[in-house]
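Here is the file start09.csv (CSV, C-alpha atoms).
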chain,number,residue,atom,x,y,z
A,808,MET,CA,-2.0,-95.8,17.6
A,809,HIS,CA,-1.7,-99.5,17.7
A,810,ARG,CA,-1.6,-99.4,13.9
A,811,TYR,CA,1.9,-98.1,14.2
A,812,ALA,CA,2.8,-100.9,16.7
A,813,ASN,CA,3.2,-103.2,13.8
A,814,PRO,CA,7.0,-103.3,12.8
A,815,ALA,CA,6.3,-104.2,9.2
A,816,ARG,CA,4.0,-101.3,8.8
A,817,THR,CA,6.5,-99.0,10.5
A,818,LEU,CA,9.2,-100.1,8.0
A,819,ARG,CA,6.8,-99.4,5.1
A,820,ILE,CA,6.0,-95.9,6.4
A,821,VAL,CA,9.8,-95.2,7.0
A,822,ALA,CA,10.5,-96.3,3.4
A,823,ALA,CA,7.8,-94.1,2.0
A,824,LEU,CA,8.9,-91.0,3.9
A,825,PHE,CA,12.6,-91.5,3.5
A,826,PRO,CA,13.1,-89.8,0.1
A,827,TRP,CA,11.1,-86.7,1.2
A,828,ILE,CA,13.0,-86.2,4.4
A,829,ALA,CA,16.3,-86.8,2.6
A,830,GLY,CA,15.4,-84.3,0.0
A,831,ALA,CA,14.3,-81.7,2.6
A,832,THR,CA,17.7,-82.2,4.5
A,833,ALA,CA,19.7,-81.8,1.3
A,834,LEU,CA,17.8,-78.6,0.4
A,835,LEU,CA,17.6,-77.0,3.9
A,836,PHE,CA,21.1,-77.6,5.1
A,837,PRO,CA,23.0,-75.7,2.3
A,838,LEU,CA,20.4,-72.9,2.3
A,839,GLY,CA,20.6,-72.6,6.1
A,840,LEU,CA,24.4,-72.6,6.2
A,841,TYR,CA,24.6,-70.0,3.4
A,842,LEU,CA,22.2,-67.7,5.3
A,843,ALA,CA,24.0,-68.2,8.6
A,844,LEU,CA,27.6,-67.8,7.4
A,845,ALA,CA,27.2,-65.4,4.5
A,846,GLY,CA,23.7,-64.2,3.9
A,847,SER,CA,23.1,-62.6,7.3
A,848,PRO,CA,24.5,-59.4,9.0
A,849,ALA,CA,27.0,-59.3,11.8
A,850,ASP,CA,25.6,-58.3,15.2
A,851,TYR,CA,26.0,-54.8,16.6
A,852,GLN,CA,27.5,-56.1,19.8
A,853,GLN,CA,29.0,-59.5,19.0
A,854,GLY,CA,30.3,-58.9,15.5
A,855,GLU,CA,30.8,-62.0,13.4
A,856,THR,CA,30.8,-64.2,16.5
A,857,VAL,CA,27.0,-64.2,16.4
A,858,ARG,CA,27.2,-66.8,13.6
A,859,ILE,CA,27.9,-69.5,16.2
A,860,MET,CA,24.4,-68.9,17.4
A,861,TYR,CA,22.9,-70.4,14.2
A,862,VAL,CA,24.4,-73.8,15.1
A,863,HIS,CA,24.2,-73.5,18.9
A,864,VAL,CA,20.6,-72.6,19.3
A,865,PRO,CA,19.1,-75.3,16.9
A,866,ALA,CA,21.3,-77.9,18.5
A,867,ALA,CA,20.0,-76.8,22.0
A,868,TRP,CA,16.4,-76.9,20.8
A,869,LEU,CA,16.9,-80.4,19.4
A,870,ALA,CA,18.7,-81.6,22.5
A,871,MET,CA,15.5,-80.8,24.5
A,872,PHE,CA,13.1,-82.0,21.7
A,873,ILE,CA,14.9,-85.4,21.2
A,874,TYR,CA,14.8,-86.0,25.0
A,875,SER,CA,11.1,-85.4,24.9
A,876,VAL,CA,10.7,-87.8,22.0
A,877,MET,CA,12.5,-90.4,24.1
A,878,ALA,CA,10.4,-89.8,27.1
A,879,VAL,CA,7.1,-90.0,25.2
A,880,SER,CA,8.3,-93.1,23.3
A,881,SER,CA,9.4,-94.7,26.6
A,882,ALA,CA,6.0,-93.9,28.2
A,883,LEU,CA,4.2,-95.6,25.2
A,884,ALA,CA,6.5,-98.6,25.6
A,885,LEU,CA,6.0,-98.9,29.3
A,886,VAL,CA,2.3,-98.4,29.5
A,887,TRP,CA,1.0,-99.9,26.2
A,888,ARG,CA,4.0,-102.3,25.6
A,889,HIS,CA,4.3,-100.8,22.2
A,890,PRO,CA,7.2,-102.7,20.6
A,891,VAL,CA,8.2,-100.0,18.1
A,892,ALA,CA,8.1,-97.2,20.7
A,893,GLU,CA,11.0,-98.7,22.7
A,894,LEU,CA,13.1,-99.0,19.6
A,895,SER,CA,12.2,-95.4,18.7
A,896,ALA,CA,13.6,-94.2,22.0
A,897,ARG,CA,16.7,-96.3,21.5
A,898,ALA,CA,17.2,-94.9,18.0
A,899,ALA,CA,16.9,-91.3,19.2
A,900,ALA,CA,19.3,-91.5,22.2
A,901,PRO,CA,22.8,-91.3,20.5
A,902,LEU,CA,21.4,-88.5,18.2
A,903,GLY,CA,20.3,-86.5,21.2
A,904,ALA,CA,23.6,-87.0,22.9
A,905,GLY,CA,25.3,-85.8,19.7
A,906,PHE,CA,23.2,-82.6,19.4
A,907,THR,CA,23.8,-81.9,23.1
A,908,ALA,CA,27.5,-82.2,22.7
A,909,VAL,CA,27.4,-79.8,19.7
A,910,CYS,CA,25.4,-77.4,21.8
A,911,LEU,CA,27.9,-77.5,24.7
A,912,ALA,CA,31.0,-77.2,22.4
A,913,THR,CA,29.6,-74.3,20.4
A,914,GLY,CA,28.5,-72.6,23.6
A,915,ALA,CA,32.0,-72.8,25.0
A,916,LEU,CA,33.5,-71.4,21.8
A,917,TRP,CA,31.1,-68.5,22.0
A,918,GLY,CA,31.6,-68.0,25.7
A,919,GLN,CA,35.3,-67.6,25.5
A,920,PRO,CA,35.4,-64.4,23.4
A,921,MET,CA,32.0,-63.0,24.6
A,922,TRP,CA,31.8,-63.7,28.3
A,923,GLY,CA,35.5,-64.1,28.9
A,924,THR,CA,35.2,-67.8,30.0
A,925,TRP,CA,34.7,-71.2,28.4
A,926,TRP,CA,32.5,-72.5,31.1
A,927,VAL,CA,30.7,-71.4,34.3
A,928,TRP,CA,28.6,-73.5,36.6
A,929,ASP,CA,25.4,-71.4,36.2
A,930,ALA,CA,21.9,-73.0,36.2
A,931,ARG,CA,21.6,-73.2,32.3
A,932,LEU,CA,25.0,-74.6,31.5
A,933,THR,CA,24.9,-77.1,34.4
A,934,SER,CA,21.4,-78.3,33.6
A,935,VAL,CA,22.4,-78.9,29.9
A,936,LEU,CA,25.4,-80.9,31.1
A,937,VAL,CA,23.0,-83.0,33.2
A,938,LEU,CA,20.9,-83.5,30.1
A,939,PHE,CA,24.0,-84.8,28.3
A,940,PHE,CA,24.8,-87.2,31.1
A,941,LEU,CA,21.1,-88.4,31.1
A,942,TYR,CA,21.6,-89.3,27.4
A,943,LEU,CA,24.8,-91.2,28.2
A,944,GLY,CA,23.1,-93.0,31.1
A,945,TYR,CA,20.2,-94.0,28.9
A,946,ILE,CA,22.5,-95.4,26.2
A,947,ALA,CA,24.6,-97.3,28.8
A,948,LEU,CA,21.5,-98.7,30.7
A,949,ALA,CA,19.7,-99.8,27.5
A,950,ASP,CA,22.5,-102.2,26.6
A,951,ALA,CA,23.4,-103.2,30.1
A,952,PHE,CA,21.2,-106.3,30.2
A,953,ASP,CA,21.5,-109.6,28.2
A,954,ASP,CA,17.8,-109.4,27.5
A,955,PRO,CA,17.3,-106.2,25.4
A,956,GLU,CA,13.7,-105.9,26.5
A,957,ARG,CA,14.7,-105.6,30.2
A,958,GLY,CA,17.4,-103.0,29.2
A,959,GLY,CA,14.8,-101.1,27.2
A,960,ARG,CA,12.4,-101.0,30.2
A,961,ALA,CA,15.1,-99.9,32.7
A,962,ALA,CA,16.3,-97.2,30.3
A,963,GLY,CA,12.8,-96.2,29.6
A,964,ILE,CA,12.2,-95.4,33.3
A,965,LEU,CA,15.4,-93.3,33.3
A,966,ALA,CA,14.2,-91.4,30.2
A,967,ILE,CA,10.8,-90.6,31.8
A,968,VAL,CA,12.2,-89.7,35.2
A,969,GLY,CA,15.0,-87.6,33.6
A,970,TRP,CA,12.4,-85.6,31.7
A,971,VAL,CA,12.0,-83.3,34.7
A,972,ASN,CA,15.3,-81.8,33.7
A,973,VAL,CA,13.9,-80.5,30.3
A,974,PRO,CA,11.7,-77.7,31.8
A,975,ILE,CA,14.6,-76.9,34.1
A,976,VAL,CA,16.9,-76.4,31.1
A,977,LYS,CA,14.3,-74.3,29.4
A,978,PHE,CA,13.3,-72.1,32.3
A,979,SER,CA,16.6,-72.0,34.2
A,980,VAL,CA,17.3,-68.5,32.7
A,981,ASP,CA,14.0,-67.2,34.0
A,982,TRP,CA,14.0,-68.9,37.4
A,983,TRP,CA,17.5,-68.0,38.5
A,984,ASN,CA,20.1,-65.4,37.8
A,985,THR,CA,22.4,-67.0,35.2
A,986,LEU,CA,25.3,-65.8,33.1
A,987,HIS,CA,23.5,-67.2,30.1
A,988,GLN,CA,21.1,-64.8,28.5
A,989,PRO,CA,17.3,-65.4,28.5
A,990,ALA,CA,15.4,-66.6,25.5
A,991,SER,CA,15.3,-64.3,22.4
A,992,VAL,CA,12.8,-66.2,20.2
A,993,THR,CA,10.4,-68.2,22.4
A,994,ARG,CA,8.9,-65.5,24.6
A,995,LEU,CA,5.5,-64.0,25.0
A,996,ASP,CA,6.1,-60.7,23.2
A,997,ALA,CA,7.9,-60.2,19.9
A,998,PRO,CA,11.3,-61.9,19.5
A,999,ALA,CA,14.3,-59.8,20.6
A,1000,ILE,CA,16.1,-60.8,17.4
A,1001,HIS,CA,16.0,-58.8,14.2
A,1002,PRO,CA,14.1,-60.6,11.3
A,1003,ASP,CA,17.4,-60.6,9.2
A,1004,MET,CA,18.9,-62.9,11.9
A,1005,LEU,CA,15.7,-64.7,12.9
A,1006,TRP,CA,15.1,-66.2,9.4
A,1007,PRO,CA,18.5,-67.9,9.0
A,1008,LEU,CA,17.9,-69.3,12.5
A,1009,ILE,CA,14.5,-70.7,11.6
A,1010,VAL,CA,15.9,-72.3,8.4
A,1011,MET,CA,18.8,-73.8,10.4
A,1012,ALA,CA,16.4,-75.1,13.0
A,1013,ALA,CA,14.3,-76.8,10.2
A,1014,ALA,CA,17.5,-78.2,8.6
A,1015,PHE,CA,18.6,-79.7,12.0
A,1016,THR,CA,15.2,-81.1,12.6
A,1017,ALA,CA,15.1,-82.7,9.1
A,1018,LEU,CA,18.6,-84.1,9.7
A,1019,PHE,CA,17.5,-85.6,13.0
A,1020,THR,CA,14.4,-87.2,11.5
A,1021,LEU,CA,16.5,-88.7,8.7
A,1022,LEU,CA,19.1,-90.2,11.0
A,1023,TRP,CA,16.4,-91.3,13.4
A,1024,MET,CA,14.5,-93.2,10.6
A,1025,ILE,CA,17.8,-94.9,9.5
A,1026,ARG,CA,18.5,-96.0,13.1
A,1027,LEU,CA,14.9,-97.1,13.7
A,1028,ARG,CA,15.0,-99.2,10.6
A,1029,ALA,CA,18.3,-100.8,11.7
A,1030,GLU,CA,16.9,-101.5,15.2
A,1031,LEU,CA,13.8,-103.1,13.7
A,1032,ILE,CA,15.8,-105.3,11.4
A,1033,GLU,CA,18.1,-106.3,14.2
A,1034,ARG,CA,15.2,-107.2,16.5
A,1035,ARG,CA,13.6,-109.2,13.7
A,1036,ASN,CA,16.9,-111.1,13.0
A,1037,ARG,CA,17.1,-111.9,16.6
A,1038,VAL,CA,13.6,-113.5,16.6
A,1039,VAL,CA,14.4,-115.4,13.4
A,1040,GLU,CA,17.7,-116.7,14.8
A,1041,ALA,CA,16.0,-117.8,18.0
A,1042,SER,CA,13.3,-119.7,16.2
A,1043,LEU,CA,15.9,-121.3,13.9
A,1044,ALA,CA,17.9,-122.5,16.9
A,1045,GLU,CA,14.8,-123.9,18.4
A,1046,GLY,CA,14.0,-125.7,15.1
A,1047,LEU,CA,17.4,-127.3,15.0
A,1048,ALA,CA,17.4,-128.4,18.6
B,361,MET,CA,-5.7,-106.5,30.0
B,362,ARG,CA,-7.4,-103.1,29.9
B,363,LEU,CA,-7.1,-102.9,33.7
B,364,ARG,CA,-3.4,-103.6,33.6
B,365,LYS,CA,-2.8,-100.8,31.2
B,366,ARG,CA,-4.8,-98.4,33.3
B,367,GLN,CA,-2.8,-99.5,36.4
B,368,ARG,CA,0.5,-98.9,34.6
B,369,MET,CA,-0.8,-95.5,33.4
B,370,ALA,CA,-1.9,-94.6,37.0
B,371,VAL,CA,1.5,-95.6,38.4
B,372,LEU,CA,3.3,-93.5,35.7
B,373,VAL,CA,1.2,-90.4,36.3
B,374,LEU,CA,1.6,-90.7,40.1
B,375,ALA,CA,5.3,-91.2,39.8
B,376,LEU,CA,5.6,-88.1,37.5
B,377,ILE,CA,3.6,-86.0,40.0
B,378,GLY,CA,5.8,-87.2,42.8
B,379,ILE,CA,9.1,-86.6,41.0
B,380,GLY,CA,7.9,-83.2,39.8
B,381,THR,CA,6.9,-82.1,43.3
B,382,ALA,CA,10.2,-83.4,44.8
B,383,THR,CA,12.3,-81.6,42.2
B,384,ALA,CA,10.3,-78.4,42.7
B,385,LEU,CA,10.8,-78.5,46.5
B,386,THR,CA,14.5,-79.3,46.2
B,387,LEU,CA,15.1,-76.5,43.7
B,388,THR,CA,13.1,-74.0,45.9
B,389,ALA,CA,15.1,-75.0,49.0
B,390,PHE,CA,18.4,-74.5,47.2
B,391,GLU,CA,17.4,-71.3,45.4
B,392,ASP,CA,20.2,-69.3,47.1
B,393,ASN,CA,22.8,-71.7,45.8
B,394,LEU,CA,21.4,-71.9,42.4
B,395,VAL,CA,21.6,-68.2,41.5
B,396,PHE,CA,24.8,-67.4,39.7
B,397,PHE,CA,25.2,-63.9,41.1
B,398,HIS,CA,23.7,-61.4,43.5
B,399,ALA,CA,22.4,-58.0,42.8
B,400,PRO,CA,23.8,-54.9,44.7
B,401,THR,CA,20.5,-54.4,46.5
B,402,ASP,CA,20.7,-58.0,47.7
B,403,VAL,CA,24.3,-57.7,48.8
B,404,ILE,CA,23.6,-54.5,50.9
B,405,ALA,CA,20.4,-56.0,52.4
B,406,LYS,CA,22.2,-59.2,53.5
B,407,ALA,CA,25.2,-57.4,54.9
B,408,VAL,CA,27.7,-59.9,53.4
B,409,PRO,CA,30.8,-60.2,55.7
B,410,ALA,CA,34.1,-58.9,54.4
B,411,GLU,CA,36.4,-61.5,52.7
B,412,ARG,CA,33.4,-63.7,51.9
B,413,ARG,CA,33.7,-64.5,48.2
B,414,PHE,CA,30.6,-64.2,46.0
B,415,ARG,CA,29.5,-63.0,42.5
B,416,LEU,CA,28.1,-59.6,42.0
B,417,GLY,CA,25.9,-59.0,38.9
B,418,GLY,CA,24.1,-56.1,37.3
B,419,LEU,CA,24.7,-53.4,34.7
B,420,VAL,CA,27.9,-51.4,34.4
B,421,GLU,CA,26.7,-47.9,35.3
B,422,GLU,CA,26.9,-45.3,32.5
B,423,GLY,CA,29.9,-43.0,32.9
B,424,SER,CA,31.3,-44.9,35.8
B,425,VAL,CA,34.2,-46.7,34.1
B,426,GLN,CA,37.6,-45.2,35.0
B,427,ARG,CA,41.0,-46.5,34.2
B,428,GLN,CA,43.5,-46.0,36.9
B,429,ALA,CA,47.0,-44.5,36.5
B,430,ASP,CA,48.7,-47.9,36.4
B,431,GLY,CA,46.9,-48.7,33.2
B,432,VAL,CA,45.6,-52.2,34.2
B,433,THR,CA,43.3,-51.3,37.1
B,434,VAL,CA,39.7,-50.3,36.3
B,435,THR,CA,37.0,-49.0,38.6
B,436,PHE,CA,33.3,-48.9,37.8
B,437,ARG,CA,30.0,-49.2,39.5
B,438,VAL,CA,27.6,-52.1,39.2
B,439,THR,CA,24.0,-51.2,39.4
B,440,ASP,CA,20.6,-52.9,39.5
B,441,THR,CA,19.0,-49.5,38.8
B,442,VAL,CA,18.0,-49.3,42.5
B,443,THR,CA,21.4,-49.3,44.2
B,444,SER,CA,24.9,-49.6,43.0
B,445,LEU,CA,28.3,-50.8,44.3
B,446,PRO,CA,31.8,-49.6,43.4
B,447,VAL,CA,34.0,-52.3,41.9
B,448,ARG,CA,37.8,-52.4,41.4
B,449,TYR,CA,39.4,-54.9,39.0
B,450,THR,CA,43.0,-55.4,37.8
B,451,GLY,CA,43.2,-57.5,34.7
B,452,VAL,CA,41.9,-58.0,31.2
B,453,LEU,CA,38.3,-57.2,30.5
B,454,PRO,CA,36.2,-59.4,28.1
B,455,ASP,CA,35.2,-58.0,24.7
B,456,LEU,CA,31.6,-57.3,25.6
B,457,PHE,CA,32.5,-55.3,28.7
B,458,ARG,CA,31.0,-51.8,28.2
B,459,GLU,CA,28.9,-49.2,30.0
B,460,GLY,CA,25.2,-50.1,30.1
B,461,GLN,CA,25.9,-53.8,29.5
B,462,GLY,CA,25.5,-56.7,31.9
B,463,VAL,CA,28.5,-57.8,34.0
B,464,VAL,CA,29.2,-60.5,36.6
B,465,ALA,CA,32.2,-60.1,38.8
B,466,GLU,CA,33.6,-62.6,41.3
B,467,GLY,CA,35.4,-61.3,44.4
B,468,SER,CA,34.8,-59.9,47.9
B,469,LEU,CA,33.9,-56.7,49.6
B,470,ARG,CA,36.7,-54.7,51.2
B,471,GLU,CA,35.8,-51.5,53.0
B,472,GLY,CA,32.7,-51.0,50.9
B,473,VAL,CA,34.5,-51.6,47.6
B,474,PHE,CA,33.9,-54.9,45.7
B,475,VAL,CA,37.4,-56.1,44.7
B,476,ALA,CA,37.0,-58.4,41.7
B,477,ARG,CA,39.2,-61.3,40.9
B,478,GLU,CA,37.4,-62.1,37.7
B,479,VAL,CA,35.0,-60.1,35.5
B,480,LEU,CA,32.7,-61.8,33.0
B,481,ALA,CA,30.5,-59.9,30.5
B,482,ARG,CA,26.9,-60.8,30.3
B,483,HIS,CA,25.2,-60.7,26.9
B,484,ASP,CA,21.6,-59.7,26.7
B,485,GLU,CA,19.0,-61.4,24.5
B,486,ASN,CA,18.9,-58.6,21.8
B,487,TYR,CA,20.3,-59.4,18.4
B,488,MET,CA,20.4,-56.9,15.6
B,489,PRO,CA,22.6,-55.8,12.7
B,490,LYS,CA,24.9,-52.9,13.3
B,491,GLU,CA,23.2,-50.7,10.7
B,492,VAL,CA,19.8,-51.2,12.4
B,493,ALA,CA,21.3,-50.2,15.8
B,494,ASP,CA,23.0,-47.2,14.3
B,495,ALA,CA,19.7,-46.1,12.5
B,496,LEU,CA,17.8,-46.5,15.8
B,497,LYS,CA,20.5,-44.5,17.7
B,498,ALA,CA,20.3,-41.7,15.0
B,499,ALA,CA,16.6,-41.6,15.3
B,500,GLY,CA,16.8,-41.5,19.1
B,501,GLN,CA,14.8,-44.7,19.3
B,502,PHE,CA,17.5,-46.9,20.6
B,503,LYS,CA,15.9,-48.6,23.5
B,504,PRO,CA,16.9,-52.2,23.7
B,505,GLU,CA,15.1,-53.5,26.7
B,506,PRO,CA,17.5,-53.3,29.7
B,507,PRO,CA,19.2,-56.6,30.1
B,508,ALA,CA,17.2,-58.8,32.4
B,509,LEU,CA,18.0,-57.6,35.9
B,510,PRO,CA,18.4,-59.9,38.9
B,511,ARG,CA,15.0,-60.2,40.5
B,512,GLU,CA,14.5,-58.8,44.0
B,513,ARG,CA,14.3,-61.3,46.7
B,514,PRO,CA,12.2,-61.0,49.8

Once more with this new file: its structure as structure tokens, please.
Amino acid sequence: MHRYANPARTLRIVAALFPWIAGATALLFPLGLYLALAGSPADYQQGETVRIMYVHVPAAWLAMFIYSVMAVSSALALVWRHPVAELSARAAAPLGAGFTAVCLATGALWGQPMWGTWWVWDARLTSVLVLFFLYLGYIALADAFDDPERGGRAAGILAIVGWVNVPIVKFSVDWWNTLHQPASVTRLDAPAIHPDMLWPLIVMAAAFTALFTLLWMIRLRAELIERRNRVVEASLAEGLA
Amino acid sequence: MRLRKRQRMAVLVLALIGIGTATALTLTAFEDNLVFFHAPTDVIAKAVPAERRFRLGGLVEEGSVQRQADGVTVTFRVTDTVTSLPVRYTGVLPDLFREGQGVVAEGSLREGVFVAREVLARHDENYMPKEVADALKAAGQFKPEPPALPRERP
């Protein structure tokens, strides 16, 4: 693991993977959008409104996945003082906040025609809103200190503590009565979703994941270069003094 | 150095266990406030006082939906397959409102009838194309699992 703690090596790995992830995103996104918007049937209950699900569900999965990436990165940074891990969490945070916002917005657009309301304070919707605020809190805290390392450490603790919310988001629909329906795909028996609709969903989930990985790598590279410039500037200032 | 890392690791693991336990206890304590709606069986067992506002949830009983003479008032029964309660509602129903589907109504009990101020449809977790649903119905195989019912509480 310490092999990846070397920023120069990380930059080389990012550069090598970049074209492949970019290619996968460019391929998967148009395919997924075609399948979701045109190549899949309307639902027997919801009609065409079901197509919102192909954006909403992958965004929700990524909202939980990215927060978990941040929590693991922060744990690596806090326990092993792994310098790239802290930057990886920082790079992921605004992306996670974005996907969570997409999840909340598409959910409201679906809820209005289907349930008859934009928003209710049930356990699933409320816990996702808390997840969104945790992302915003992390972003604010990470930049709240003059010393970026202290900011990273404080925000890292928030990321790890806040992770308790991720299982709450996932299992809220099983633990409590909610207006939100239970899981259709990730359950013990067969998915409660027809294969003609499951495949577009899987392609869209892969496309979203590829897009996240791509943006994450770009942001991680920028964070690494910025941190390096800071070190170079500091040593130059010292040399001049 | 190794020892330091191990200490930090131990602190992290202990903190996670502590936070997890605290969260689990809090959520269990507030369980009654975290549920979004109550099932008819629950409501009858708890003898909810009249005029107390709460949310009633379950399935719209098959064959129970009746439009009243004024054209905007609807009566139906909400069931959890064990017991059911009569509901009266005046207003616009959501698209997904139909017999056999999930519903959540907010309102209060008046002389044994739940007078709803707001009715929300509850979608179940089943997704399928219309043709598949029609084919299953034609073959008499149409058994989407009943939408998840509110669990019974001790």

Query raised in the report: Pick the closest to A:Ala866 from A:Ala899, A:Val976, A:Leu824, A:Cys910: which is it, counting all atoms listed in the file?
Result: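 Using all atoms listed in the file, A:Ala866 sits closest to A:Cys910.
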
Query raised in the report: What lies within 12 Å of A:Arg994 using only C-alpha atoms, ignoring chain neighbours under 5 positions off, as a list of chain:residue names?
Result: A:Lys977, A:Phe978, A:Asp981, A:Pro989, A:Ala999, A:Ile1000, B:Glu485

With all atoms listed in the file as the counted atoms, please give the residues lying no more than 12 Å from A:Ala815, apart from itself and same-chain residues fewer than 3 positions off, as a JSON list (two decimals) with C-alpha atoms, in the coordinates of the input.
[["chain", "number", "residue", "atom", "x", "y", "z"],
["A", 810, "ARG", "CA", -1.60, -99.40, 13.90],
["A", 811, "TYR", "CA", 1.90, -98.10, 14.20],
["A", 812, "ALA", "CA", 2.80, -100.90, 16.70],
["A", 818, "LEU", "CA", 9.20, -100.10, 8.00],
["A", 819, "ARG", "CA", 6.80, -99.40, 5.10],
["A", 820, "ILE", "CA", 6.00, -95.90, 6.40],
["A", 821, "VAL", "CA", 9.80, -95.20, 7.00],
["A", 822, "ALA", "CA", 10.50, -96.30, 3.40],
["A", 890, "PRO", "CA", 7.20, -102.70, 20.60],
["A", 891, "VAL", "CA", 8.20, -100.00, 18.10],
["A", 1028, "ARG", "CA", 15.00, -99.20, 10.60],
["A", 1031, "LEU", "CA", 13.80, -103.10, 13.70],
["A", 1032, "ILE", "CA", 15.80, -105.30, 11.40],
["A", 1034, "ARG", "CA", 15.20, -107.20, 16.50],
["A", 1035, "ARG", "CA", 13.60, -109.20, 13.70]]

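When only C-alpha atoms are used to compute distances to B:Ala399, the closest of the residues A:Asn984, A:Thr933, A:Thr817, A:Ser895 turns out to be A:Asn984.
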
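Among the candidates A:Val935, A:Leu1005, A:Leu986, A:Leu941, the one nearest to A:Pro848 when counting all atoms listed in the file is A:Leu1005.
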
Listing only residues of chain B within 7 Å of chain A, what is the closest atom pair and its distance in Å (to one decimal) for each, using only C-alpha atoms, sorted by chain and residue number ascending, as CSV?
residue,atom,partner,partner_atom,distance
B:Lys365,CA,A:Val886,CA,5.9
B:Arg368,CA,A:Val886,CA,5.4
B:Met369,CA,A:Val886,CA,5.8
B:Gly380,CA,A:Val971,CA,6.5
B:Leu394,CA,A:Ala930,CA,6.3
B:Val395,CA,A:Asn984,CA,4.9
B:Phe396,CA,A:Thr985,CA,5.1
B:Phe397,CA,A:Asn984,CA,6.3
B:Pro454,CA,A:Gly923,CA,4.8
B:Asp455,CA,A:Met921,CA,5.9
B:Leu456,CA,A:Met921,CA,5.8
B:Leu480,CA,A:Trp922,CA,5.1
B:Ala481,CA,A:Trp922,CA,4.6
B:Arg482,CA,A:Leu986,CA,5.9
B:His483,CA,A:Gln988,CA,6.0
B:Asp484,CA,A:Gln988,CA,5.4
B:Glu485,CA,A:Ser991,CA,5.1
B:Asn486,CA,A:Ala999,CA,4.9
B:Tyr487,CA,A:Ile1000,CA,4.5
B:Met488,CA,A:His1001,CA,5.0
B:Pro489,CA,A:Asp850,CA,4.6
B:Lys490,CA,A:Tyr851,CA,4.0
B:Ala493,CA,A:Tyr851,CA,6.6
B:Pro510,CA,A:Asn984,CA,5.9

Selection to disk with C-alpha atoms, as a PDB file, in the coordinates of the input:
ATOM      1  CA  LYS B 365      -2.800-100.800  31.200  1.00  0.00           C
ATOM      2  CA  ARG B 368       0.500 -98.900  34.600  1.00  0.00           C
ATOM      3  CA  MET B 369      -0.800 -95.500  33.400  1.00  0.00           C
ATOM      4  CA  GLY B 380       7.900 -83.200  39.800  1.00  0.00           C
ATOM      5  CA  LEU B 394      21.400 -71.900  42.400  1.00  0.00           C
ATOM      6  CA  VAL B 395      21.600 -68.200  41.500  1.00  0.00           C
ATOM      7  CA  PHE B 396      24.800 -67.400  39.700  1.00  0.00           C
ATOM      8  CA  PHE B 397      25.200 -63.900  41.100  1.00  0.00           C
ATOM      9  CA  PRO B 454      36.200 -59.400  28.100  1.00  0.00           C
ATOM     10  CA  ASP B 455      35.200 -58.000  24.700  1.00  0.00           C
ATOM     11  CA  LEU B 456      31.600 -57.300  25.600  1.00  0.00           C
ATOM     12  CA  LEU B 480      32.700 -61.800  33.000  1.00  0.00           C
ATOM     13  CA  ALA B 481      30.500 -59.900  30.500  1.00  0.00           C
ATOM     14  CA  ARG B 482      26.900 -60.800  30.300  1.00  0.00           C
ATOM     15  CA  HIS B 483      25.200 -60.700  26.900  1.00  0.00           C
ATOM     16  CA  ASP B 484      21.600 -59.700  26.700  1.00  0.00           C
ATOM     17  CA  GLU B 485      19.000 -61.400  24.500  1.00  0.00           C
ATOM     18  CA  ASN B 486      18.900 -58.600  21.800  1.00  0.00           C
ATOM     19  CA  TYR B 487      20.300 -59.400  18.400  1.00  0.00           C
ATOM     20  CA  MET B 488      20.400 -56.900  15.600  1.00  0.00           C
ATOM     21  CA  PRO B 489      22.600 -55.800  12.700  1.00  0.00           C
ATOM     22  CA  LYS B 490      24.900 -52.900  13.300  1.00  0.00           C
ATOM     23  CA  ALA B 493      21.300 -50.200  15.800  1.00  0.00           C
ATOM     24  CA  PRO B 510      18.400 -59.900  38.900  1.00  0.00           C
TER      25      PRO B 510
END

Report summary line: The distance between atom CA of A:Phe906 and atom CA of B:Thr381 is 28.9 Å

Report task. Rank nothing, just name the residue among A:Val1038, A:Ala961, A:Val909, A:Leu943 nearest to A:Val864, using all atoms listed in the file. Result -> A:Val909

Report task. Starting from the point (20.9, -50.3, 40.4), work out which residues of protein, DNA or RNA have an atom no more than 8 Å away when counting all atoms listed in the file; state them as a PyMOL selection string. Result -> chain B and resi 400-401+418-419+438-444

Report task. Figure out the distance between atom CA of A:Leu911 and atom CA of A:Ser880, please, to one decimal in Å. Result ->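 According to the coordinates, atom CA of A:Ser880 and atom CA of A:Leu911 are separated by 25.1 Å.
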
Query raised in the report: Just how far from atom CA of B:Asn393 is atom CA of A:Leu938, in Å to one decimal?
Result: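 So the answer is 19.7 Å.
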
Report summary line: Closest of B:Thr388, B:Gln428, B:Val434, B:Thr383 to B:Phe474, counting all atoms listed in the file, is B:Val434

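Those residues that approach A:Ala1013 to within 10 Å, counting only C-alpha atoms, are A:Ala831, A:Thr832, A:Leu835, A:Phe836, A:Gly839, A:Pro865, A:Pro1007, A:Leu1008, A:Ile1009, A:Val1010, A:Thr1016, A:Ala1017, A:Leu1018, A:Phe1019; same-chain residues fewer than 3 positions away are not listed.
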
Requested in this report: Starting from the point (26.3, -43.6, 35.5), work out which residues of protein, DNA or RNA have an atom no more than 9 Å away when counting only C-alpha atoms; state them as a list in words.
Outcome: Val420, Glu421, Glu422, Gly423, Ser424, Val425, Arg437, Thr439, Glu459 and Gly460 of chain B

Report task. Check the smallest atom-to-atom distance from each of B:Gln426, B:Gly417, B:Pro446, B:Leu496 to B:Gly462 using only C-alpha atoms, then report the winner. Result -> B:Gly417

Report task. Show which residues sit within 9 Å of A:Thr913, as a list in words. Count all atoms listed in the file, and ignore same-chain residues fewer than 4 positions away. Result ->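 Final neighbour list, sorted by chain and number: Ile859, Met860, Val862, His863, Ala908, Val909, Trp917 and Gly918 of chain A.
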